[in-house]
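Participant: One file is attached below, final.cif, containing mmCIF, C-alpha atoms.
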```
data_input
loop_
_atom_site.label_atom_id
_atom_site.label_comp_id
_atom_site.auth_asym_id
_atom_site.auth_seq_id
_atom_site.Cartn_x
_atom_site.Cartn_y
_atom_site.Cartn_z
CA MET S 1 0.00 0.00 0.00
CA SER S 2 3.01 2.27 0.22
CA ASN S 3 3.62 4.98 -2.35
CA SER S 4 5.74 3.77 -5.26
CA ASN S 5 8.10 6.71 -4.70
CA ASN S 6 8.84 5.56 -1.18
CA LYS S 7 12.47 4.42 -0.98
CA LEU S 8 12.05 2.38 2.19
CA ASP S 9 9.82 -0.64 2.74
CA TYR S 10 8.64 -0.48 6.35
CA SER S 11 5.60 -2.02 8.04
CA VAL S 12 3.98 -1.36 11.42
CA ILE S 13 3.55 -4.40 13.68
CA LEU S 14 1.35 -4.14 16.78
CA VAL S 15 1.60 -6.86 19.44
CA GLU S 16 -1.67 -7.70 21.23
CA PRO S 17 -3.30 -4.28 20.76
CA LYS S 18 -6.37 -3.94 22.96
CA ILE S 19 -7.63 -0.39 22.44
CA GLU S 20 -9.73 0.05 19.31
CA GLY S 21 -9.04 3.75 19.03
CA ASN S 22 -5.28 3.19 19.00
CA ILE S 23 -5.53 0.69 16.16
CA GLY S 24 -7.60 3.12 14.10
CA ALA S 25 -5.25 6.04 14.81
CA ILE S 26 -2.22 3.94 13.86
CA ALA S 27 -3.89 2.87 10.60
CA ARG S 28 -4.24 6.56 9.80
CA LEU S 29 -0.56 7.12 10.61
CA CYS S 30 0.39 4.27 8.28
CA ASN S 31 -1.35 6.17 5.52
CA ASN S 32 0.15 9.52 6.55
CA PHE S 33 3.68 8.17 6.33
CA GLU S 34 3.23 5.61 3.54
CA ALA S 35 3.93 2.47 5.55
CA ASN S 36 3.75 -0.70 3.51
CA GLU S 37 1.23 -2.51 5.72
CA LEU S 38 -0.25 -2.94 9.18
CA VAL S 39 0.31 -6.26 10.98
CA LEU S 40 -1.62 -7.22 14.13
CA VAL S 41 -0.11 -9.93 16.32
CA SER S 42 -2.81 -11.67 18.41
CA PRO S 43 -5.05 -8.59 18.67
CA LEU S 44 -7.27 -8.57 21.76
CA VAL S 45 -10.09 -6.65 20.06
CA ASN S 46 -11.80 -6.59 16.68
CA HIS S 47 -9.83 -4.24 14.42
CA LEU S 48 -12.82 -3.54 12.16
CA THR S 49 -15.25 -1.96 14.64
CA THR S 50 -17.00 1.38 14.17
CA GLU S 51 -14.53 2.94 16.62
CA THR S 52 -11.43 1.80 14.69
CA ARG S 53 -12.96 2.85 11.38
CA ASN S 54 -13.90 6.30 12.72
CA ARG S 55 -10.37 6.86 14.06
CA ALA S 56 -8.80 5.65 10.82
CA LYS S 57 -10.83 8.20 8.81
CA HIS S 58 -9.74 7.86 5.18
CA SER S 59 -7.23 5.10 5.96
CA ILE S 60 -9.66 2.21 6.40
CA THR S 61 -7.84 0.24 3.71
CA TYR S 62 -5.00 -0.37 6.18
CA LEU S 63 -7.52 -1.91 8.57
CA GLU S 64 -9.24 -4.01 5.95
CA LYS S 65 -5.95 -5.34 4.59
CA ALA S 66 -4.23 -5.74 7.96
CA LYS S 67 -2.46 -9.07 8.40
CA ILE S 68 -3.36 -11.04 11.51
CA ARG S 69 -0.62 -13.26 12.95
CA LYS S 70 -0.27 -15.34 16.12
CA SER S 71 3.24 -14.38 17.20
CA ILE S 72 6.39 -12.49 16.23
CA ASN S 73 7.98 -15.88 15.59
CA GLU S 74 5.49 -16.38 12.78
CA ILE S 75 6.61 -13.23 10.95
CA ARG S 76 10.31 -13.12 11.89
CA ASP S 77 11.53 -14.47 8.54
CA ASP S 78 9.30 -12.08 6.58
CA TYR S 79 11.54 -9.13 7.41
CA SER S 80 15.20 -8.35 6.81
CA ILE S 81 15.21 -6.23 9.96
CA LEU S 82 12.84 -6.16 12.93
CA ILE S 83 13.15 -3.04 15.07
CA GLY S 84 11.61 -3.33 18.52
CA THR S 85 10.40 -0.30 20.46
CA SER S 86 10.19 0.25 24.20
CA ALA S 87 9.65 3.01 26.71
CA LYS S 88 11.87 1.06 29.10
CA ALA S 89 15.50 1.66 28.28
CA GLY S 90 17.58 -0.85 30.17
CA LYS S 91 20.69 -0.42 32.23
CA THR S 92 23.82 -2.49 31.81
CA TYR S 93 22.33 -5.45 33.66
CA ASN S 94 19.58 -5.83 31.03
CA VAL S 95 21.43 -5.99 27.74
CA LEU S 96 18.28 -6.74 25.74
CA ARG S 97 16.96 -3.29 26.58
CA GLN S 98 20.02 -1.29 25.58
CA PRO S 99 18.41 1.03 23.01
CA VAL S 100 19.27 3.33 20.20
CA TYR S 101 17.27 6.54 19.93
CA PRO S 102 15.24 7.95 17.02
CA TRP S 103 18.00 10.38 16.06
CA ASN S 104 20.45 7.45 15.76
CA LEU S 105 18.28 6.02 12.97
CA GLU S 106 19.27 8.99 10.83
CA GLU S 107 22.84 7.68 10.76
CA ILE S 108 21.96 4.19 9.53
CA ILE S 109 22.55 3.37 5.87
CA VAL S 110 19.70 1.15 4.70
CA PRO S 111 19.81 -1.07 1.58
CA THR S 112 16.93 -0.45 -0.82
CA ASP S 113 15.99 -4.14 -0.85
CA CYS S 114 15.62 -4.27 2.94
CA LYS S 115 12.15 -5.05 4.32
CA ILE S 116 11.79 -3.45 7.76
CA GLY S 117 9.29 -4.31 10.48
CA LEU S 118 8.64 -1.74 13.23
CA VAL S 119 7.40 -3.65 16.28
CA PHE S 120 5.31 -1.90 18.94
CA GLY S 121 4.41 -3.70 22.17
CA ARG S 122 1.30 -3.89 24.28
CA GLU S 123 -0.25 -0.66 25.51
CA ASP S 124 0.18 -1.66 29.15
CA ARG S 125 3.43 -3.65 29.28
CA GLY S 126 5.27 -3.38 25.98
CA LEU S 127 7.39 -6.21 24.58
CA SER S 128 8.68 -9.14 26.59
CA ASN S 129 12.37 -10.05 26.70
CA ASP S 130 11.63 -13.11 24.56
CA GLU S 131 10.05 -10.86 21.92
CA LEU S 132 12.95 -8.43 22.10
CA GLU S 133 15.28 -11.38 21.49
CA LEU S 134 13.64 -11.76 18.07
CA CYS S 135 14.22 -8.10 17.20
CA ASP S 136 17.48 -6.96 15.65
CA PHE S 137 17.73 -3.90 17.86
CA LEU S 138 15.64 -1.70 20.12
CA VAL S 139 14.56 1.93 19.75
CA SER S 140 13.43 3.98 22.72
CA ILE S 141 11.92 7.47 22.78
CA PRO S 142 13.03 9.38 25.89
CA THR S 143 10.66 11.98 27.36
CA PRO S 144 11.63 14.70 29.87
CA GLY S 145 8.34 14.89 31.79
CA GLN S 146 7.18 12.95 34.82
CA LEU S 147 5.02 10.75 32.61
CA ARG S 148 7.72 8.78 30.80
CA VAL S 149 5.51 6.55 28.63
CA LEU S 150 3.97 7.87 25.41
CA ASN S 151 0.62 6.75 24.09
CA ILE S 152 1.39 4.03 21.53
CA SER S 153 -0.04 6.04 18.63
CA HIS S 154 2.23 8.97 19.54
CA ALA S 155 5.25 6.66 19.61
CA VAL S 156 4.27 5.22 16.22
CA ALA S 157 3.96 8.73 14.81
CA ILE S 158 7.49 9.67 15.92
CA ILE S 159 9.12 6.51 14.57
CA LEU S 160 7.20 6.66 11.27
CA TYR S 161 8.17 10.30 10.83
CA VAL S 162 11.84 9.39 11.25
CA PHE S 163 11.58 6.63 8.63
CA TRP S 164 9.59 8.80 6.23
CA LYS S 165 12.17 11.58 6.57
CA LYS S 166 14.94 9.09 6.05
CA SER S 167 13.29 7.84 2.88
CA THR S 168 13.51 11.36 1.41
CA ASP S 169 17.25 11.84 1.92
CA ILE S 170 18.51 8.29 2.45
CA GLU S 171 22.01 7.33 1.38
CA ILE S 172 21.22 4.48 -1.00
CA ILE S 173 23.48 1.44 -1.04
CA ASN S 174 24.44 0.29 -4.51
CA GLN S 175 21.82 -2.12 -5.85
CA GLU S 176 24.56 -4.65 -6.58
CA GLU S 177 25.08 -5.02 -2.84
CA ILE S 178 22.31 -7.38 -1.79
CA SER S 179 21.44 -7.02 1.88
CA SER S 180 21.94 -9.96 4.20
CA THR S 181 18.97 -11.96 5.49
CA TYR S 182 17.98 -12.52 9.09
CA LYS S 183 19.04 -16.19 8.85
CA GLU S 184 22.51 -15.23 7.57
CA ARG S 185 23.04 -12.73 10.36
CA LYS S 186 21.72 -15.25 12.89
CA LEU S 187 24.33 -17.79 11.72
CA LEU S 188 27.13 -15.24 11.99
CA ILE S 189 26.02 -14.23 15.48
CA SER S 190 25.79 -17.86 16.63
CA LEU S 191 29.38 -18.45 15.46
CA PHE S 192 30.55 -15.35 17.29
CA ASN S 193 28.76 -16.59 20.42
CA LYS S 194 30.56 -19.93 20.22
CA ILE S 195 33.90 -18.15 19.94
CA THR S 196 33.00 -15.91 22.88
CA ASP S 197 32.07 -18.96 24.96
CA SER S 198 35.51 -20.41 24.21
CA LEU S 199 37.32 -17.39 25.61
CA SER S 200 38.92 -17.24 29.02
CA TYR S 201 36.88 -14.19 29.96
CA GLU S 202 34.60 -13.14 32.83
CA GLU S 203 31.38 -15.07 32.44
CA TYR S 204 29.16 -12.18 33.49
CA ARG S 205 30.59 -10.04 30.67
CA LYS S 206 29.93 -12.55 27.90
CA PRO S 207 26.19 -11.79 27.48
CA ILE S 208 27.05 -8.09 27.16
CA VAL S 209 29.72 -8.80 24.52
CA LYS S 210 27.34 -11.06 22.59
CA HIS S 211 24.55 -8.50 22.65
CA THR S 212 26.91 -5.71 21.63
CA PHE S 213 28.13 -7.69 18.61
CA ARG S 214 24.55 -8.55 17.63
CA THR S 215 23.47 -4.92 17.88
CA VAL S 216 26.45 -3.63 15.86
CA ILE S 217 25.86 -6.20 13.11
CA ASN S 218 22.13 -5.53 12.88
CA ARG S 219 22.47 -1.74 12.96
CA SER S 220 25.09 -1.73 10.22
CA PHE S 221 22.85 -3.46 7.63
CA PRO S 222 25.75 -5.54 6.22
CA SER S 223 25.56 -6.91 2.71
CA LYS S 224 25.28 -10.62 1.95
CA GLU S 225 28.91 -10.68 0.78
CA GLU S 226 30.16 -9.02 3.98
CA ILE S 227 28.25 -11.45 6.18
CA HIS S 228 29.53 -14.51 4.30
CA SER S 229 33.12 -13.24 4.53
CA MET S 230 32.81 -13.08 8.32
CA ILE S 231 31.00 -16.42 8.50
CA GLY S 232 33.89 -17.99 6.61
CA ILE S 233 36.60 -16.73 8.96
CA PHE S 234 34.60 -17.56 12.09
CA LYS S 235 33.96 -21.11 10.88
CA THR S 236 37.65 -21.52 10.11
CA MET S 237 38.60 -20.35 13.59
CA LEU S 238 36.24 -22.88 15.18
CA GLN S 239 37.23 -25.75 12.87
CA GLN S 240 40.92 -25.22 13.54
CA ASN S 241 40.30 -25.39 17.29
CA ILE S 242 42.24 -22.21 17.90
CA ASP S 243 43.21 -21.82 21.53
CA PHE S 244 41.36 -18.59 22.32
CA SER S 245 42.58 -18.61 25.89
CA ASN S 246 46.15 -17.94 24.73
CA GLY S 247 46.72 -14.22 24.77
CA ASP S 248 50.08 -14.44 22.94
#
```
In structure tokens, how does this file's structure come out?

Facilitator:
Amino acid sequence: MSNSNNKLDYSVILVEPKIEGNIGAIARLCNNFEANELVLVSPLVNHLTTETRNRAKHSITYLEKAKIRKSINEIRDDYSILIGTSAKAGKTYNVLRQPVYPWNLEEIIVPTDCKIGLVFGREDRGLSNDELELCDFLVSIPTPGQLRVLNISHAVAIILYVFWKKSTDIEIINQEEISSTYKERKLLISLFNKITDSLSYEEYRKPIVKHTFRTVINRSFPSKEEIHSMIGIFKTMLQQNIDFSNGD
């Protein structure tokens, strides 16, 4: 449903939405900012009620064509990149909630063949850690007031604006550079994790190192060729049983 002139392919994914008005307002935002589609994961209300239609105004098509799915697992492979969102930015002890911020998205170079899913959690409790584990990285919107949590439709508006703006002045990667898939990045990250586990290194730091590597890889949008180059060297290191504990 996105405009053919739109340079980025991004969809809005709502997890267990339960307020009809929010769904309708977000459908309208999808139209405002030319999102590709609206996906509802286990919605707790009917998304085609009079309330949702009234809030959607002239964007009812996004409601009528919304995809209904049971879980994020079900759609994970449909997207090159899944970007989770949360009002709860974590501290160092919760590496899954170490966020980037909307202004950081301006610095990311996105391949034109990259299909992006923007995942928004439940109105009352956001995304679980298991759901965040399926996302490639997390975006958080800080607010200075006492009320630190935005209404979900407001958060969607901010993130969609950033992506729409980015689509107007994006630095396009050469079309010959095909972006890597989620499965390819997952393989690379699993190899890195095995190497990390082989190191003589403080155990409590390993999850942080693993998450940092995963975030850097996912935020850099590496090409298929770049990913396979790293996969090759990591596999070689593991196959040759290199003694990683030797610091010499």

Participant: Please, which residues in segment 100-166 of chain S fall within 6 Å of segment 62-81 of chain S when counting only C-alpha atoms, and what is the closest atom pair and distance in Å to one decimal for each, ordered by chain then residue number, as a Markdown table?

Facilitator:
```
| residue | atom | partner | partner_atom | distance |
| --- | --- | --- | --- | --- |
| S:Cys114 | CA | S:Ser80 | CA | 5.6 |
| S:Lys115 | CA | S:Ser80 | CA | 5.1 |
| S:Ile116 | CA | S:Ile81 | CA | 4.9 |
```

Participant: Mind dumping the selected residues with C-alpha atoms as a compact mmCIF listing (two decimals), in the frame of the given file?

Facilitator:
```txt
# COMPACT_ATOMS: atom_id res chain seq x y z
CA CYS S 114 15.62 -4.27 2.94
CA LYS S 115 12.15 -5.05 4.32
CA ILE S 116 11.79 -3.45 7.76
```

Participant: Considering all atoms listed in the file, return as a PyMOL selection string whatever protein or nucleic-acid residues lie within 12 Å of Ala35 of chain S, sequence-local ones (same chain, fewer than 4 positions apart) excluded.

Facilitator: chain S and resi 1-13+26-31+39+59+62+66+115-118+156-157+159-164+167

Participant: Would you list the residues near (-7.6, 2.1, 14.1) (no more than 7 Å away, in the coordinates of the file, using only C-alpha atoms) as a PyMOL selection string?

Facilitator: chain S and resi 20-27+47+52-53+55-56+63

Participant: Could you take the residues named above and write them with C-alpha atoms, as a PDB file, in the frame of the given file?

Facilitator:
```pdb
ATOM      1  CA  GLU S  20      -9.730   0.050  19.310  1.00  0.00           C
ATOM      2  CA  GLY S  21      -9.040   3.750  19.030  1.00  0.00           C
ATOM      3  CA  ASN S  22      -5.280   3.190  19.000  1.00  0.00           C
ATOM      4  CA  ILE S  23      -5.530   0.690  16.160  1.00  0.00           C
ATOM      5  CA  GLY S  24      -7.600   3.120  14.100  1.00  0.00           C
ATOM      6  CA  ALA S  25      -5.250   6.040  14.810  1.00  0.00           C
ATOM      7  CA  ILE S  26      -2.220   3.940  13.860  1.00  0.00           C
ATOM      8  CA  ALA S  27      -3.890   2.870  10.600  1.00  0.00           C
ATOM      9  CA  HIS S  47      -9.830  -4.240  14.420  1.00  0.00           C
ATOM     10  CA  THR S  52     -11.430   1.800  14.690  1.00  0.00           C
ATOM     11  CA  ARG S  53     -12.960   2.850  11.380  1.00  0.00           C
ATOM     12  CA  ARG S  55     -10.370   6.860  14.060  1.00  0.00           C
ATOM     13  CA  ALA S  56      -8.800   5.650  10.820  1.00  0.00           C
ATOM     14  CA  LEU S  63      -7.520  -1.910   8.570  1.00  0.00           C
TER      15      LEU S  63
END
```

Participant: In Å, rounded to a single decimal, give me how far atom CA of Leu82 of chain S is from atom CA of Asp136 of chain S.

Facilitator: 5.4 Å

Participant: Go ahead and find all residues with at least one atom no further than 12 Å from (8.7, 8.2, 27.7) in the file's coordinates, using only C-alpha atoms; report them as a PyMOL selection string.

Facilitator: chain S and resi 85-89+101+139-152+154-155+158

Participant: Dump C-alpha atoms for the selected residues as a PDB file, keeping the file's coordinate frame?

Facilitator:
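Result went into result_31.pdb, see below:
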```
ATOM      1  CA  THR S  85      10.400  -0.300  20.460  1.00  0.00           C
ATOM      2  CA  SER S  86      10.190   0.250  24.200  1.00  0.00           C
ATOM      3  CA  ALA S  87       9.650   3.010  26.710  1.00  0.00           C
ATOM      4  CA  LYS S  88      11.870   1.060  29.100  1.00  0.00           C
ATOM      5  CA  ALA S  89      15.500   1.660  28.280  1.00  0.00           C
ATOM      6  CA  TYR S 101      17.270   6.540  19.930  1.00  0.00           C
ATOM      7  CA  VAL S 139      14.560   1.930  19.750  1.00  0.00           C
ATOM      8  CA  SER S 140      13.430   3.980  22.720  1.00  0.00           C
ATOM      9  CA  ILE S 141      11.920   7.470  22.780  1.00  0.00           C
ATOM     10  CA  PRO S 142      13.030   9.380  25.890  1.00  0.00           C
ATOM     11  CA  THR S 143      10.660  11.980  27.360  1.00  0.00           C
ATOM     12  CA  PRO S 144      11.630  14.700  29.870  1.00  0.00           C
ATOM     13  CA  GLY S 145       8.340  14.890  31.790  1.00  0.00           C
ATOM     14  CA  GLN S 146       7.180  12.950  34.820  1.00  0.00           C
ATOM     15  CA  LEU S 147       5.020  10.750  32.610  1.00  0.00           C
ATOM     16  CA  ARG S 148       7.720   8.780  30.800  1.00  0.00           C
ATOM     17  CA  VAL S 149       5.510   6.550  28.630  1.00  0.00           C
ATOM     18  CA  LEU S 150       3.970   7.870  25.410  1.00  0.00           C
ATOM     19  CA  ASN S 151       0.620   6.750  24.090  1.00  0.00           C
ATOM     20  CA  ILE S 152       1.390   4.030  21.530  1.00  0.00           C
ATOM     21  CA  HIS S 154       2.230   8.970  19.540  1.00  0.00           C
ATOM     22  CA  ALA S 155       5.250   6.660  19.610  1.00  0.00           C
ATOM     23  CA  ILE S 158       7.490   9.670  15.920  1.00  0.00           C
TER      24      ILE S 158
END
```

Participant: Taking the file as I've supplied it (selection: the PyMOL selection byres ((chain S and resi 219-231) around 10)), which residues are included? Please answer as a ChimeraX atom specification.

Facilitator: /S:80-81,83,100,104-105,107-111,114,136-138,173,176-181,184-185,187-192,213-218,232-237

Participant: May I ask for the distance between atom CA of Lys194 of chain S and atom CA of Lys206 of chain S, given in Å to one decimal place?

Facilitator: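 Value for the atom CA of Lys194 of chain S-atom CA of Lys206 of chain S distance: 10.7 Å.
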
Participant: Tell me, in Å to one decimal, how far atom CA of Asn129 of chain S is from atom CA of Tyr182 of chain S.

Facilitator: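 Spanning atom CA of Asn129 of chain S to atom CA of Tyr182 of chain S is a straight-line distance of 18.6 Å.
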
Participant: For a quick check of understanding, using all atoms listed in the file, which of S:Ile208, S:Val119, S:Leu199, S:Ile19 has the smallest distance to Leu132 of chain S?

Facilitator: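 Selected residue with least distance to Leu132 of chain S: S:Val119.
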
Participant: Could you name the residues that touch Ser128 of chain S at 12 Å or less, counting only C-alpha atoms, but leaving out those on the same chain fewer than 3 positions away, as a PyMOL selection string?

Facilitator: chain S and resi 15-16+72+84-86+88+96-97+119-122+124-125+131-135

Participant: Of the candidates S:Lys57, S:Lys18, S:Lys165, S:Thr49, which one gets nearest to Glu34 of chain S if we count all atoms listed in the file?

Facilitator: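 Looking at the shortest contact to Glu34 of chain S, the residue is S:Lys165.
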
Participant: Closest to Leu44 of chain S among S:Thr61, S:Glu123, S:Ser200, S:Asp113, using all atoms listed in the file?

Facilitator: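 The answer is S:Glu123, which sits nearest to Leu44 of chain S.
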
Participant: With C-alpha atoms as the atom set, please write segment 128-177 of chain S from the structure just given, as an mmCIF file, in the first residue's frame.

Facilitator:
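Result saved to decode.cif:
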```
data_model
loop_
_atom_site.group_PDB
_atom_site.id
_atom_site.type_symbol
_atom_site.label_atom_id
_atom_site.label_comp_id
_atom_site.auth_asym_id
_atom_site.auth_seq_id
_atom_site.Cartn_x
_atom_site.Cartn_y
_atom_site.Cartn_z
ATOM 1 C CA SER S 128 8.681 -9.140 26.594
ATOM 2 C CA ASN S 129 12.371 -10.045 26.700
ATOM 3 C CA ASP S 130 11.629 -13.105 24.559
ATOM 4 C CA GLU S 131 10.052 -10.860 21.922
ATOM 5 C CA LEU S 132 12.954 -8.429 22.098
ATOM 6 C CA GLU S 133 15.285 -11.378 21.493
ATOM 7 C CA LEU S 134 13.636 -11.762 18.075
ATOM 8 C CA CYS S 135 14.219 -8.102 17.201
ATOM 9 C CA ASP S 136 17.476 -6.962 15.653
ATOM 10 C CA PHE S 137 17.730 -3.902 17.865
ATOM 11 C CA LEU S 138 15.637 -1.701 20.115
ATOM 12 C CA VAL S 139 14.564 1.934 19.751
ATOM 13 C CA SER S 140 13.427 3.983 22.720
ATOM 14 C CA ILE S 141 11.916 7.470 22.781
ATOM 15 C CA PRO S 142 13.028 9.384 25.893
ATOM 16 C CA THR S 143 10.663 11.980 27.364
ATOM 17 C CA PRO S 144 11.626 14.696 29.866
ATOM 18 C CA GLY S 145 8.342 14.887 31.790
ATOM 19 C CA GLN S 146 7.181 12.950 34.822
ATOM 20 C CA LEU S 147 5.017 10.748 32.611
ATOM 21 C CA ARG S 148 7.721 8.784 30.801
ATOM 22 C CA VAL S 149 5.510 6.552 28.628
ATOM 23 C CA LEU S 150 3.972 7.867 25.407
ATOM 24 C CA ASN S 151 0.619 6.745 24.087
ATOM 25 C CA ILE S 152 1.386 4.034 21.531
ATOM 26 C CA SER S 153 -0.044 6.036 18.629
ATOM 27 C CA HIS S 154 2.226 8.965 19.540
ATOM 28 C CA ALA S 155 5.249 6.655 19.607
ATOM 29 C CA VAL S 156 4.270 5.218 16.216
ATOM 30 C CA ALA S 157 3.964 8.734 14.806
ATOM 31 C CA ILE S 158 7.489 9.673 15.917
ATOM 32 C CA ILE S 159 9.121 6.513 14.568
ATOM 33 C CA LEU S 160 7.202 6.658 11.267
ATOM 34 C CA TYR S 161 8.173 10.296 10.827
ATOM 35 C CA VAL S 162 11.844 9.387 11.252
ATOM 36 C CA PHE S 163 11.580 6.633 8.630
ATOM 37 C CA TRP S 164 9.593 8.800 6.230
ATOM 38 C CA LYS S 165 12.168 11.583 6.572
ATOM 39 C CA LYS S 166 14.940 9.088 6.052
ATOM 40 C CA SER S 167 13.294 7.844 2.881
ATOM 41 C CA THR S 168 13.505 11.359 1.410
ATOM 42 C CA ASP S 169 17.246 11.836 1.916
ATOM 43 C CA ILE S 170 18.512 8.286 2.450
ATOM 44 C CA GLU S 171 22.006 7.334 1.377
ATOM 45 C CA ILE S 172 21.218 4.477 -1.000
ATOM 46 C CA ILE S 173 23.481 1.439 -1.042
ATOM 47 C CA ASN S 174 24.444 0.290 -4.514
ATOM 48 C CA GLN S 175 21.821 -2.124 -5.854
ATOM 49 C CA GLU S 176 24.564 -4.654 -6.575
ATOM 50 C CA GLU S 177 25.084 -5.021 -2.836
#
```
